[in-house]
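Everything below concerns the one structure shown next.
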Amino acid sequence: MLTRTAIYEGTVRDGRDEEFFRRVRDELEPFWRRFPGVTAVRVQRLASKDADARPIAMILEMDFPDQAALDACLASSIRPDSHAATEAVMQLFDGRFYDLVSTARSLEVAG
């Protein structure tokens with residue numbers, strides 16, 4: 001499994017948090033759920049952070065079974081519309097977003 005993670009580094013403009021996250025939910029999430037090959041989507045809004053942590057407003061994670069599925073997503077006809085919608089919502093955000101692709105393994109925990 002591969003996870004494509006988008007890090008939204010920066011801050012939502014003063015007093016616009018609820019509007020920003022409402023627009024993420026209403027305008028962006030429908031695109032993210034429709035991408036071909038995606039098996040799970042997680043949208044994380046930070047609840048707290050270390051005092052010296054970089055300002056991260058949101059983290060988006062999308063899971064794919066393999067590189068071919070991720071490549072199909074990136075080549076999808078949905079992507080330009082999703083990107084345009086993202087740019088519109090980003091007008092409420094001061095910062096940048098960037099993507100990381102990772103693999104993971106789950107660890108058993110005591111308990």
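Here's how to read the names in the structure tokens: chain A, B, ... by the order shown, residue numbers from 1 in each chain, ligand numbers from 1 in the order shown.
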
Using DSSP on the backbone coordinates, identify the residues of range 5-106 of chain A assigned to strand (DSSP E); present them as a PyMOL selection string.
-> chain A and resi 5-12+40-45+56-64+93-102

Suppose we keep N, CA and C atoms; can you now write the selection as a CSV table (one decimal), in the first residue's frame?
```
chain,number,residue,atom,x,y,z
A,5,THR,N,0.5,11.8,1.0
A,5,THR,CA,0.1,12.7,2.1
A,5,THR,C,0.4,14.1,1.6
A,6,ALA,N,-0.6,15.0,1.7
A,6,ALA,CA,-0.5,16.4,1.4
A,6,ALA,C,-0.4,17.1,2.7
A,7,ILE,N,0.7,17.9,2.9
A,7,ILE,CA,0.9,18.7,4.1
A,7,ILE,C,0.5,20.1,3.8
A,8,TYR,N,-0.4,20.7,4.5
A,8,TYR,CA,-0.8,22.1,4.3
A,8,TYR,C,-0.1,22.9,5.4
A,9,GLU,N,1.1,23.4,5.0
A,9,GLU,CA,1.9,24.1,6.0
A,9,GLU,C,1.7,25.6,5.9
A,10,GLY,N,1.2,26.1,7.0
A,10,GLY,CA,0.9,27.5,7.1
A,10,GLY,C,-0.3,27.7,8.0
A,11,THR,N,-1.0,28.8,7.8
A,11,THR,CA,-2.1,29.1,8.7
A,11,THR,C,-3.3,29.6,7.8
A,12,VAL,N,-4.5,29.3,8.4
A,12,VAL,CA,-5.7,29.8,7.8
A,12,VAL,C,-5.8,31.2,8.2
A,40,ALA,N,-8.8,4.7,0.5
A,40,ALA,CA,-9.1,5.4,1.8
A,40,ALA,C,-8.6,6.9,1.7
A,41,VAL,N,-9.4,7.8,2.3
A,41,VAL,CA,-9.1,9.2,2.4
A,41,VAL,C,-9.2,9.6,3.8
A,42,ARG,N,-8.2,10.3,4.4
A,42,ARG,CA,-8.2,10.8,5.7
A,42,ARG,C,-7.9,12.3,5.7
A,43,VAL,N,-8.7,13.1,6.3
A,43,VAL,CA,-8.5,14.6,6.4
A,43,VAL,C,-8.3,14.9,7.8
A,44,GLN,N,-7.1,15.4,8.2
A,44,GLN,CA,-6.8,15.6,9.6
A,44,GLN,C,-6.6,17.1,9.8
A,45,ARG,N,-7.4,17.6,10.8
A,45,ARG,CA,-7.3,19.0,11.3
A,45,ARG,C,-6.5,18.9,12.6
A,56,ILE,N,1.2,23.6,10.8
A,56,ILE,CA,0.5,22.7,9.9
A,56,ILE,C,-1.0,22.9,10.1
A,57,ALA,N,-1.8,23.3,9.1
A,57,ALA,CA,-3.2,23.5,9.3
A,57,ALA,C,-4.0,22.2,9.1
A,58,MET,N,-3.5,21.4,8.1
A,58,MET,CA,-4.3,20.2,7.7
A,58,MET,C,-3.3,19.2,7.1
A,59,ILE,N,-3.7,17.9,7.2
A,59,ILE,CA,-3.0,16.9,6.5
A,59,ILE,C,-4.0,16.0,5.8
A,60,LEU,N,-3.8,15.8,4.5
A,60,LEU,CA,-4.6,14.9,3.7
A,60,LEU,C,-3.9,13.6,3.4
A,61,GLU,N,-4.5,12.5,3.7
A,61,GLU,CA,-3.9,11.2,3.3
A,61,GLU,C,-4.8,10.4,2.4
A,62,MET,N,-4.2,9.9,1.3
A,62,MET,CA,-5.0,9.1,0.4
A,62,MET,C,-4.2,7.8,0.2
A,63,ASP,N,-4.9,6.6,0.4
A,63,ASP,CA,-4.2,5.3,0.2
A,63,ASP,C,-4.5,4.7,-1.1
A,64,PHE,N,-3.5,4.1,-1.7
A,64,PHE,CA,-3.6,3.4,-2.9
A,64,PHE,C,-3.0,2.0,-2.8
A,93,PHE,N,-5.9,30.7,2.8
A,93,PHE,CA,-4.8,30.1,3.5
A,93,PHE,C,-3.5,30.8,3.2
A,94,ASP,N,-2.7,31.0,4.2
A,94,ASP,CA,-1.3,31.6,3.9
A,94,ASP,C,-0.3,30.5,4.2
A,95,GLY,N,0.3,30.1,3.1
A,95,GLY,CA,1.3,29.0,3.2
A,95,GLY,C,1.4,28.2,1.9
A,96,ARG,N,1.7,27.0,2.0
A,96,ARG,CA,1.9,26.1,0.9
A,96,ARG,C,1.4,24.7,1.2
A,97,PHE,N,1.3,23.9,0.2
A,97,PHE,CA,1.1,22.5,0.5
A,97,PHE,C,2.0,21.7,-0.5
A,98,TYR,N,2.4,20.6,0.0
A,98,TYR,CA,3.3,19.7,-0.7
A,98,TYR,C,2.9,18.2,-0.4
A,99,ASP,N,3.4,17.3,-1.3
A,99,ASP,CA,3.0,15.9,-1.2
A,99,ASP,C,4.2,15.1,-0.9
A,100,LEU,N,3.9,14.0,-0.1
A,100,LEU,CA,4.9,12.9,0.2
A,100,LEU,C,4.2,11.6,-0.1
A,101,VAL,N,5.0,10.6,-0.6
A,101,VAL,CA,4.4,9.3,-0.8
A,101,VAL,C,5.2,8.4,0.1
A,102,SER,N,4.5,7.5,0.8
A,102,SER,CA,5.2,6.6,1.8
A,102,SER,C,4.5,5.2,1.7
```

Closest of A:Pro65, A:Ser77, A:Trp32, A:Met90 to Ala104 in chain A, counting only C-alpha atoms, is A:Pro65

Which of these residues is nearest to Arg23 in chain A, using only C-alpha atoms: A:Ala72, A:Thr103, A:Ala88, A:Gly111?
-> A:Ala88
